[in-house]
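Below is one structure, written out as C-alpha cells; comments come after it.
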Amino acid sequence: MTLTEPATAAAVTASASTAASTPDVAPRDYHLTPDEIARFDAQGYLVLRGRIPAELLARLQRAAVTWIAEGRALAEDDPAASDYQWATRGGERRMFRVDYLHGKGQPASLELLGSPAVLGIAESLAGPNAVPTYESLVFKDTGDGAAIDWHQDAEHPRTHRIFNVDVYLDASRAGEGALRVAPGSHLAPVDVCQLQEEYGWDAPGVIQVELEPGDVLVHDVMVVHGSEAVTGNRLRRTIYYEFRAAEQIAEEGPWDAEWVDRRLRLLPLGLREHARANPGAEQFAWNIAPGLAPEVGDDEAAELRIAHLVHSPGSYCSAGSVPFTADDAEDEPGASGGDPTS
C-alpha cells in the first residue's frame with residue numbers, strides 16, 4: 001500500500017487541470033493567492049493562520065458553548081435531537097457533533113458564513129457560484145479523545161474542487177490527537193483499511209497539523225486524514241463548512257436544482273448578518289451568476305435548516321469510528337460534510 005508521493009510541480013499542474021478553473025474575478029485581499037491555490041491543489045490541504053478575526057472567533061466560541069449545552073439538554077426522543085450526534089464509548093454516551101448550525105439561534109454561524117474570511121476561500125476554489133453544502137460543529141470533549149481512523153470524506157470524479165473550510169475554535173497540538181493528513185492523497189481513491197493495517201498512524205509522508213484558535217484548515221474532501229486516540233485531552237471544537245460549485249452539483253449531483261437554490265438562500269442571510277455585526281469592516285462582494293441568484297423568502301427560520309437526505313459516499317474502514325451506518329445514511333448530515341470528529 002502506497003500513498004501519493006509528495007507533490008511536484010508536475011503534480012500541481014495535473015491536479016489543477018482536473019479542478020474547475022477559477023473564473024475571472026478581480027482579486028481582493030480576502031481571496032487566496034495563486035501560490036496558496038497551487039499548494040492546495042498539490043497537497044490537498046492548506047493552513048491559513050489567524051484567518052478569523054478575534055471578535056468573530058469569540059462569538060463563535062460562545063455559540064459553541066450554547067450549541068453543546070442545548071444538545072445535551074434534549075431528550076433522546078425529542079425530534080430536535082436528530083441534529084446532535086452521539087456515540088457510546090467506555091460505557092458512556094458522548095456527544096461529538098452538532099449539525100445545521102444556522103437554525104439554532106446563534107447568529108455567529110451566519111456571520112461566519114457571510115464573512116470575507118470564509119467566502120473569499122470559497123470563491124477562490126469553487127468560483128462565484130460556490131454553494132454552502134454542509135455546516136456543523138465537531139468536537140472532542142475533554143477526556144474524550146476517541147480515534148478517528150483514516151478516511152476520505154467523499155469520493156468524486158474530481159472535475160471540480162470540493163472542500164471543507166475548518167475553523168478551529170481551540171488549539172490542536174501534536175501528541176494530543178491533532179489531525180494527521182497524508183499530503184497528495186486526494187488525487188485518487190485510497191484503500192484506507194489497508195493503509196491502517198500496514199502503517200497504523202505512521203504512513204510515509206504523513207504530517208500532524210498544529211493549529212491555534214482562529215486558524216483555518218482548508219481540506220479537499222478526498223485527502224486522507226484522521227486522528228489517533230488520546231487520553232486526558234483538552235476540549236477541541238471545529239466548525240466545518242463544505243463548499244461545492246453549483247456547476248459541479250448540476251453535473252454530478254447528488255442534489256437537484258431546487259435544493260441548490262435553497263442552500264444558496266443562506267448566503268444573503270449570512271452577508272446581511274456579517275454586515276450587521278461588522279458595520280465598519282470590509283464586506284464580501286458576491287458575484288453569483290444572475291441565473292442562480294436566489295430570492296430569500298419572508299420566513300427566515302425556514303431558510304436556515306435545509307436537510308440533505310442524500311450524500312456523496314466517502315471512504316471509511318472501521319464502522320466503530322464512523323458516526324453513521326448505511327441504514328441511517330439518508331438521515332445523517334455527516335456522510336460527506338467534514339470530519340466525523342477530526
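Labels used: A, B, ... for chains in the order of the C-alpha cells, numbers from 1 for residues in each chain, and numbers from 1 for ligands as shown.
Neighbours of Leu304 of chain A closer than or equal to 8 Å, with only C-alpha atoms counted and sequence neighbours fewer than 6 positions away skipped, come out as A:Tyr100, A:His102, A:Gly103, A:Leu266.
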Could you write out that same residue set with N, CA and C atoms as a PDB file, in the first residue's frame?
ATOM      1  N   TYR A 100     -26.478  21.442  11.204  1.00  0.00           N
ATOM      2  CA  TYR A 100     -27.416  22.517  10.846  1.00  0.00           C
ATOM      3  C   TYR A 100     -27.307  23.685  11.842  1.00  0.00           C
ATOM      4  N   HIS A 102     -27.051  26.916  11.515  1.00  0.00           N
ATOM      5  CA  HIS A 102     -27.667  28.224  11.292  1.00  0.00           C
ATOM      6  C   HIS A 102     -29.057  28.353  11.900  1.00  0.00           C
ATOM      7  N   GLY A 103     -29.732  27.249  12.111  1.00  0.00           N
ATOM      8  CA  GLY A 103     -31.077  27.315  12.660  1.00  0.00           C
ATOM      9  C   GLY A 103     -31.140  27.150  14.161  1.00  0.00           C
ATOM     10  N   LEU A 266     -28.993  30.775   1.902  1.00  0.00           N
ATOM     11  CA  LEU A 266     -28.280  31.041   3.150  1.00  0.00           C
ATOM     12  C   LEU A 266     -27.291  32.201   2.999  1.00  0.00           C
TER      13      LEU A 266
END
If you count only C-alpha atoms, which residues fall within 9 Å of Glu242 of chain A, apart from same-chain ones fewer than 2 positions away, as a compact mmCIF listing (two decimals) with C-alpha atoms, in the first residue's frame?
# COMPACT_ATOMS: atom_id res chain seq x y z
CA ALA A 122 -14.99 29.54 -1.32
CA VAL A 131 -22.75 26.53 -2.74
CA PRO A 132 -22.54 26.07 1.06
CA THR A 133 -23.43 22.38 1.25
CA TYR A 134 -22.85 21.45 4.91
CA GLU A 135 -22.32 23.20 8.25
CA ILE A 162 -14.95 20.03 -3.28
CA PHE A 163 -13.55 21.14 0.06
CA ASN A 164 -14.16 21.90 3.71
CA VAL A 165 -13.28 25.14 5.47
CA ASP A 166 -12.36 24.05 9.01
CA VAL A 221 -12.82 16.08 0.73
CA TYR A 240 -16.87 22.78 9.23
CA ARG A 244 -19.10 22.85 -3.97
CA SER A 336 -19.84 13.98 3.39
CA GLY A 337 -19.69 17.18 5.33
CA GLY A 338 -16.33 17.16 7.08
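Remark: for Val192 of chain A, the closest of the candidate residues A:Ala63, A:Ala81, A:Cys317, A:Val138 is A:Cys317 (distances computed over only C-alpha atoms).
Here atom CA of Asp170 of chain A stands at a distance of 15.6 Å from atom CA of Trp67 of chain A.
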Using only C-alpha atoms, which residues of segment 88-196 of chain A come within 12 Å of segment 222-235 of chain A, and what is the closest atom pair for each, with the distance in Å to one decimal? Give it as JSON lines, sorted by chain and residue number.
{"residue": "A:Arg89", "atom": "CA", "partner": "A:Ala229", "partner_atom": "CA", "distance": 11.9}
{"residue": "A:Phe96", "atom": "CA", "partner": "A:Leu235", "partner_atom": "CA", "distance": 10.8}
{"residue": "A:Val138", "atom": "CA", "partner": "A:Leu235", "partner_atom": "CA", "distance": 10.8}
{"residue": "A:Phe139", "atom": "CA", "partner": "A:Leu235", "partner_atom": "CA", "distance": 7.2}
{"residue": "A:Lys140", "atom": "CA", "partner": "A:Leu235", "partner_atom": "CA", "distance": 5.8}
{"residue": "A:Asp141", "atom": "CA", "partner": "A:Leu235", "partner_atom": "CA", "distance": 4.8}
{"residue": "A:Thr142", "atom": "CA", "partner": "A:Leu235", "partner_atom": "CA", "distance": 4.5}
{"residue": "A:Gly143", "atom": "CA", "partner": "A:Gly232", "partner_atom": "CA", "distance": 4.5}
{"residue": "A:Asp144", "atom": "CA", "partner": "A:Asn233", "partner_atom": "CA", "distance": 6.8}
{"residue": "A:Gly145", "atom": "CA", "partner": "A:Val230", "partner_atom": "CA", "distance": 4.8}
{"residue": "A:Ala146", "atom": "CA", "partner": "A:Ala229", "partner_atom": "CA", "distance": 4.7}
{"residue": "A:Ala147", "atom": "CA", "partner": "A:Ala229", "partner_atom": "CA", "distance": 4.0}
{"residue": "A:Ile148", "atom": "CA", "partner": "A:Ser227", "partner_atom": "CA", "distance": 5.2}
{"residue": "A:Asp149", "atom": "CA", "partner": "A:Gly226", "partner_atom": "CA", "distance": 5.2}
{"residue": "A:Trp150", "atom": "CA", "partner": "A:Gly226", "partner_atom": "CA", "distance": 4.6}
{"residue": "A:His151", "atom": "CA", "partner": "A:Val224", "partner_atom": "CA", "distance": 5.4}
{"residue": "A:Gln152", "atom": "CA", "partner": "A:Met222", "partner_atom": "CA", "distance": 4.8}
{"residue": "A:Asp153", "atom": "CA", "partner": "A:Met222", "partner_atom": "CA", "distance": 5.9}
{"residue": "A:Ala154", "atom": "CA", "partner": "A:Met222", "partner_atom": "CA", "distance": 5.8}
{"residue": "A:Glu155", "atom": "CA", "partner": "A:Met222", "partner_atom": "CA", "distance": 6.0}
{"residue": "A:His156", "atom": "CA", "partner": "A:Met222", "partner_atom": "CA", "distance": 8.0}
{"residue": "A:Pro157", "atom": "CA", "partner": "A:Met222", "partner_atom": "CA", "distance": 10.4}
{"residue": "A:Arg158", "atom": "CA", "partner": "A:Met222", "partner_atom": "CA", "distance": 9.2}
{"residue": "A:His160", "atom": "CA", "partner": "A:Met222", "partner_atom": "CA", "distance": 11.9}
{"residue": "A:Arg161", "atom": "CA", "partner": "A:Met222", "partner_atom": "CA", "distance": 9.8}
{"residue": "A:Ile162", "atom": "CA", "partner": "A:Met222", "partner_atom": "CA", "distance": 8.4}
{"residue": "A:Phe163", "atom": "CA", "partner": "A:Met222", "partner_atom": "CA", "distance": 8.4}
{"residue": "A:Asn164", "atom": "CA", "partner": "A:Met222", "partner_atom": "CA", "distance": 10.3}
{"residue": "A:Tyr168", "atom": "CA", "partner": "A:Leu235", "partner_atom": "CA", "distance": 11.4}
{"residue": "A:Leu169", "atom": "CA", "partner": "A:Leu235", "partner_atom": "CA", "distance": 9.6}
{"residue": "A:Asp170", "atom": "CA", "partner": "A:Leu235", "partner_atom": "CA", "distance": 7.3}
{"residue": "A:Ala171", "atom": "CA", "partner": "A:Leu235", "partner_atom": "CA", "distance": 8.8}
{"residue": "A:Ser172", "atom": "CA", "partner": "A:Arg234", "partner_atom": "CA", "distance": 9.0}
{"residue": "A:Arg173", "atom": "CA", "partner": "A:Arg234", "partner_atom": "CA", "distance": 9.9}
{"residue": "A:Ala174", "atom": "CA", "partner": "A:Ser227", "partner_atom": "CA", "distance": 10.1}
{"residue": "A:Gly175", "atom": "CA", "partner": "A:Val230", "partner_atom": "CA", "distance": 8.0}
{"residue": "A:Glu176", "atom": "CA", "partner": "A:Val230", "partner_atom": "CA", "distance": 6.1}
{"residue": "A:Gly177", "atom": "CA", "partner": "A:Ser227", "partner_atom": "CA", "distance": 5.5}
{"residue": "A:Ala178", "atom": "CA", "partner": "A:Ser227", "partner_atom": "CA", "distance": 6.2}
{"residue": "A:Leu179", "atom": "CA", "partner": "A:Ser227", "partner_atom": "CA", "distance": 5.1}
{"residue": "A:Arg180", "atom": "CA", "partner": "A:Gly226", "partner_atom": "CA", "distance": 5.4}
{"residue": "A:Val181", "atom": "CA", "partner": "A:His225", "partner_atom": "CA", "distance": 4.5}
{"residue": "A:Ala182", "atom": "CA", "partner": "A:Val224", "partner_atom": "CA", "distance": 5.5}
{"residue": "A:Pro183", "atom": "CA", "partner": "A:Val223", "partner_atom": "CA", "distance": 7.2}
{"residue": "A:Gly184", "atom": "CA", "partner": "A:Val223", "partner_atom": "CA", "distance": 7.1}
{"residue": "A:Ser185", "atom": "CA", "partner": "A:Val223", "partner_atom": "CA", "distance": 5.2}
{"residue": "A:His186", "atom": "CA", "partner": "A:Val223", "partner_atom": "CA", "distance": 3.9}
{"residue": "A:Leu187", "atom": "CA", "partner": "A:Met222", "partner_atom": "CA", "distance": 7.3}
{"residue": "A:Ala188", "atom": "CA", "partner": "A:Met222", "partner_atom": "CA", "distance": 7.5}
{"residue": "A:Pro189", "atom": "CA", "partner": "A:Met222", "partner_atom": "CA", "distance": 7.3}
{"residue": "A:Val190", "atom": "CA", "partner": "A:Val224", "partner_atom": "CA", "distance": 7.7}
{"residue": "A:Asp191", "atom": "CA", "partner": "A:Val224", "partner_atom": "CA", "distance": 9.8}
{"residue": "A:Val192", "atom": "CA", "partner": "A:Val224", "partner_atom": "CA", "distance": 7.8}
{"residue": "A:Cys193", "atom": "CA", "partner": "A:Val224", "partner_atom": "CA", "distance": 11.4}
{"residue": "A:Leu195", "atom": "CA", "partner": "A:Val224", "partner_atom": "CA", "distance": 9.9}
{"residue": "A:Gln196", "atom": "CA", "partner": "A:Gly226", "partner_atom": "CA", "distance": 10.3}
Open item on the list: At a cut-off of 9 Å, using only C-alpha atoms, what residues contact Asn287 of chain A? Leave out same-chain residues fewer than 4 positions from it and give the result as a PyMOL selection string.
Closed with: chain A and resi 25+123+127-129
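Between Glu251 of chain A and the residues A:Leu267, A:Ala75, A:Val167, A:Thr159, the shortest atom-to-atom distance, using only C-alpha atoms, involves A:Thr159.
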Extract the full set of strand (DSSP E or B) residues from segment 170-269 of chain A according to DSSP on the backbone, and format it as a PDB file with N, CA, C and O atoms, in the first residue's frame.
ATOM      1  N   SER A 172      -4.999  22.904  18.616  1.00  0.00           N
ATOM      2  CA  SER A 172      -4.810  21.489  18.276  1.00  0.00           C
ATOM      3  C   SER A 172      -3.316  21.218  18.246  1.00  0.00           C
ATOM      4  O   SER A 172      -2.580  21.866  17.493  1.00  0.00           O
ATOM      5  N   ARG A 180      -4.062  14.280  11.532  1.00  0.00           N
ATOM      6  CA  ARG A 180      -2.993  13.773  10.660  1.00  0.00           C
ATOM      7  C   ARG A 180      -3.506  13.796   9.229  1.00  0.00           C
ATOM      8  O   ARG A 180      -4.643  13.397   8.959  1.00  0.00           O
ATOM      9  N   VAL A 181      -2.656  14.267   8.327  1.00  0.00           N
ATOM     10  CA  VAL A 181      -3.014  14.420   6.920  1.00  0.00           C
ATOM     11  C   VAL A 181      -1.944  13.748   6.071  1.00  0.00           C
ATOM     12  O   VAL A 181      -0.750  13.843   6.365  1.00  0.00           O
ATOM     13  N   ILE A 207       1.732  14.024   8.044  1.00  0.00           N
ATOM     14  CA  ILE A 207       2.092  15.097   8.963  1.00  0.00           C
ATOM     15  C   ILE A 207       0.964  15.310   9.962  1.00  0.00           C
ATOM     16  O   ILE A 207      -0.178  14.941   9.721  1.00  0.00           O
ATOM     17  N   GLN A 208       1.315  15.885  11.108  1.00  0.00           N
ATOM     18  CA  GLN A 208       0.315  16.346  12.070  1.00  0.00           C
ATOM     19  C   GLN A 208       0.186  17.859  11.934  1.00  0.00           C
ATOM     20  O   GLN A 208       1.191  18.572  11.897  1.00  0.00           O
ATOM     21  N   LEU A 211      -2.690  23.687  15.047  1.00  0.00           N
ATOM     22  CA  LEU A 211      -3.465  24.885  14.764  1.00  0.00           C
ATOM     23  C   LEU A 211      -3.807  25.622  16.047  1.00  0.00           C
ATOM     24  O   LEU A 211      -3.911  25.017  17.114  1.00  0.00           O
ATOM     25  N   VAL A 216      -7.532  28.511  10.186  1.00  0.00           N
ATOM     26  CA  VAL A 216      -8.406  27.775   9.286  1.00  0.00           C
ATOM     27  C   VAL A 216      -7.592  26.729   8.539  1.00  0.00           C
ATOM     28  O   VAL A 216      -6.499  27.024   8.041  1.00  0.00           O
ATOM     29  N   LEU A 217      -8.119  25.525   8.502  1.00  0.00           N
ATOM     30  CA  LEU A 217      -7.565  24.457   7.672  1.00  0.00           C
ATOM     31  C   LEU A 217      -8.561  24.213   6.543  1.00  0.00           C
ATOM     32  O   LEU A 217      -9.726  23.908   6.805  1.00  0.00           O
ATOM     33  N   VAL A 218      -8.128  24.363   5.316  1.00  0.00           N
ATOM     34  CA  VAL A 218      -8.963  24.040   4.167  1.00  0.00           C
ATOM     35  C   VAL A 218      -8.536  22.657   3.686  1.00  0.00           C
ATOM     36  O   VAL A 218      -7.351  22.441   3.418  1.00  0.00           O
ATOM     37  N   HIS A 219      -9.470  21.705   3.610  1.00  0.00           N
ATOM     38  CA  HIS A 219      -9.059  20.380   3.148  1.00  0.00           C
ATOM     39  C   HIS A 219      -9.981  19.842   2.064  1.00  0.00           C
ATOM     40  O   HIS A 219     -11.194  19.986   2.135  1.00  0.00           O
ATOM     41  N   ASP A 220      -9.351  19.262   1.054  1.00  0.00           N
ATOM     42  CA  ASP A 220     -10.056  18.583  -0.028  1.00  0.00           C
ATOM     43  C   ASP A 220     -10.809  17.404   0.577  1.00  0.00           C
ATOM     44  O   ASP A 220     -10.290  16.702   1.442  1.00  0.00           O
ATOM     45  N   HIS A 225      -7.196  11.579   5.921  1.00  0.00           N
ATOM     46  CA  HIS A 225      -6.902  12.216   7.196  1.00  0.00           C
ATOM     47  C   HIS A 225      -7.558  11.434   8.323  1.00  0.00           C
ATOM     48  O   HIS A 225      -8.432  10.600   8.108  1.00  0.00           O
ATOM     49  N   GLY A 226      -7.142  11.708   9.547  1.00  0.00           N
ATOM     50  CA  GLY A 226      -7.676  11.043  10.729  1.00  0.00           C
ATOM     51  C   GLY A 226      -6.914  11.502  11.953  1.00  0.00           C
ATOM     52  O   GLY A 226      -6.027  12.366  11.867  1.00  0.00           O
ATOM     53  N   SER A 227      -7.244  10.943  13.098  1.00  0.00           N
ATOM     54  CA  SER A 227      -6.548  11.310  14.335  1.00  0.00           C
ATOM     55  C   SER A 227      -6.584  10.140  15.305  1.00  0.00           C
ATOM     56  O   SER A 227      -7.597   9.459  15.426  1.00  0.00           O
ATOM     57  N   VAL A 230      -6.365   9.619  22.156  1.00  0.00           N
ATOM     58  CA  VAL A 230      -5.552  10.189  23.226  1.00  0.00           C
ATOM     59  C   VAL A 230      -6.370  10.158  24.514  1.00  0.00           C
ATOM     60  O   VAL A 230      -7.594  10.055  24.493  1.00  0.00           O
ATOM     61  N   ARG A 236     -11.602  20.321  22.133  1.00  0.00           N
ATOM     62  CA  ARG A 236     -11.216  20.852  20.825  1.00  0.00           C
ATOM     63  C   ARG A 236     -12.451  20.906  19.941  1.00  0.00           C
ATOM     64  O   ARG A 236     -13.087  19.889  19.670  1.00  0.00           O
ATOM     65  N   ARG A 237     -12.807  22.120  19.502  1.00  0.00           N
ATOM     66  CA  ARG A 237     -14.015  22.341  18.712  1.00  0.00           C
ATOM     67  C   ARG A 237     -13.631  22.929  17.351  1.00  0.00           C
ATOM     68  O   ARG A 237     -12.785  23.825  17.276  1.00  0.00           O
ATOM     69  N   THR A 238     -14.268  22.411  16.322  1.00  0.00           N
ATOM     70  CA  THR A 238     -14.008  22.873  14.964  1.00  0.00           C
ATOM     71  C   THR A 238     -15.333  23.035  14.233  1.00  0.00           C
ATOM     72  O   THR A 238     -16.198  22.154  14.302  1.00  0.00           O
ATOM     73  N   ILE A 239     -15.491  24.147  13.533  1.00  0.00           N
ATOM     74  CA  ILE A 239     -16.663  24.372  12.688  1.00  0.00           C
ATOM     75  C   ILE A 239     -16.272  24.028  11.259  1.00  0.00           C
ATOM     76  O   ILE A 239     -15.232  24.473  10.758  1.00  0.00           O
ATOM     77  N   TYR A 240     -17.115  23.215  10.600  1.00  0.00           N
ATOM     78  CA  TYR A 240     -16.868  22.783   9.226  1.00  0.00           C
ATOM     79  C   TYR A 240     -17.939  23.349   8.300  1.00  0.00           C
ATOM     80  O   TYR A 240     -19.132  23.139   8.522  1.00  0.00           O
ATOM     81  N   TYR A 241     -17.498  24.035   7.246  1.00  0.00           N
ATOM     82  CA  TYR A 241     -18.382  24.466   6.171  1.00  0.00           C
ATOM     83  C   TYR A 241     -17.858  23.838   4.880  1.00  0.00           C
ATOM     84  O   TYR A 241     -16.724  24.116   4.483  1.00  0.00           O
ATOM     85  N   GLU A 242     -18.680  23.003   4.245  1.00  0.00           N
ATOM     86  CA  GLU A 242     -18.281  22.440   2.963  1.00  0.00           C
ATOM     87  C   GLU A 242     -18.846  23.277   1.833  1.00  0.00           C
ATOM     88  O   GLU A 242     -19.960  23.801   1.927  1.00  0.00           O
ATOM     89  N   PHE A 243     -18.067  23.386   0.745  1.00  0.00           N
ATOM     90  CA  PHE A 243     -18.499  24.125  -0.441  1.00  0.00           C
ATOM     91  C   PHE A 243     -18.286  23.288  -1.696  1.00  0.00           C
ATOM     92  O   PHE A 243     -17.305  22.545  -1.803  1.00  0.00           O
ATOM     93  N   ARG A 244     -19.209  23.444  -2.643  1.00  0.00           N
ATOM     94  CA  ARG A 244     -19.101  22.848  -3.969  1.00  0.00           C
ATOM     95  C   ARG A 244     -19.605  23.867  -4.981  1.00  0.00           C
ATOM     96  O   ARG A 244     -20.473  24.679  -4.678  1.00  0.00           O
ATOM     97  N   ALA A 245     -19.090  23.810  -6.188  1.00  0.00           N
ATOM     98  CA  ALA A 245     -19.584  24.683  -7.254  1.00  0.00           C
ATOM     99  C   ALA A 245     -20.973  24.234  -7.683  1.00  0.00           C
ATOM    100  O   ALA A 245     -21.244  23.034  -7.803  1.00  0.00           O
TER     101      ALA A 245
END
Open item on the list: Set the distance at 10 Å and use only C-alpha atoms: which residues neighbour Trp259 of chain A once local chain neighbours fewer than 6 positions away are removed? I'd like the list as a PyMOL selection string.
Closed with: chain A and resi 133+306-308
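Distance annotation: of A:Gly50, A:Gly114, A:Pro34, A:Pro79, the residue with the minimal separation from Leu271 of chain A is A:Gly114; atom set is only C-alpha atoms.
Straight-line separation from atom CA of Val98 of chain A to atom CA of Asp41 of chain A: 29.2 Å.
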Task: Long-range neighbours of Asn278 of chain A as a PyMOL selection string, 12 Å cut-off, only C-alpha atoms, 4 positions minimum in chain - done: chain A and resi 53+55-56+108+111-112+114-116+270-274+282-284
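Minimum distance to Ala289 of chain A across A:Ser124, A:Arg72, A:Glu247, A:Phe40 (counting only C-alpha atoms) occurs at A:Glu247.
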TODO: Mind giving me the straight-line distance from atom CA of Ala117 of chain A to atom CA of Gly291 of chain A in Å, one decimal?
DONE: 25.3 Å
Open item on the list: Using DSSP secondary structure from the backbone, list all helix (DSSP H, G or I) positions within segment 77-259 of chain A, as number ranges by chain.
Closed with: A: 79-83, 101-103, 108-113, 116-126, 185-187, 192-199, 246-252, 257-259
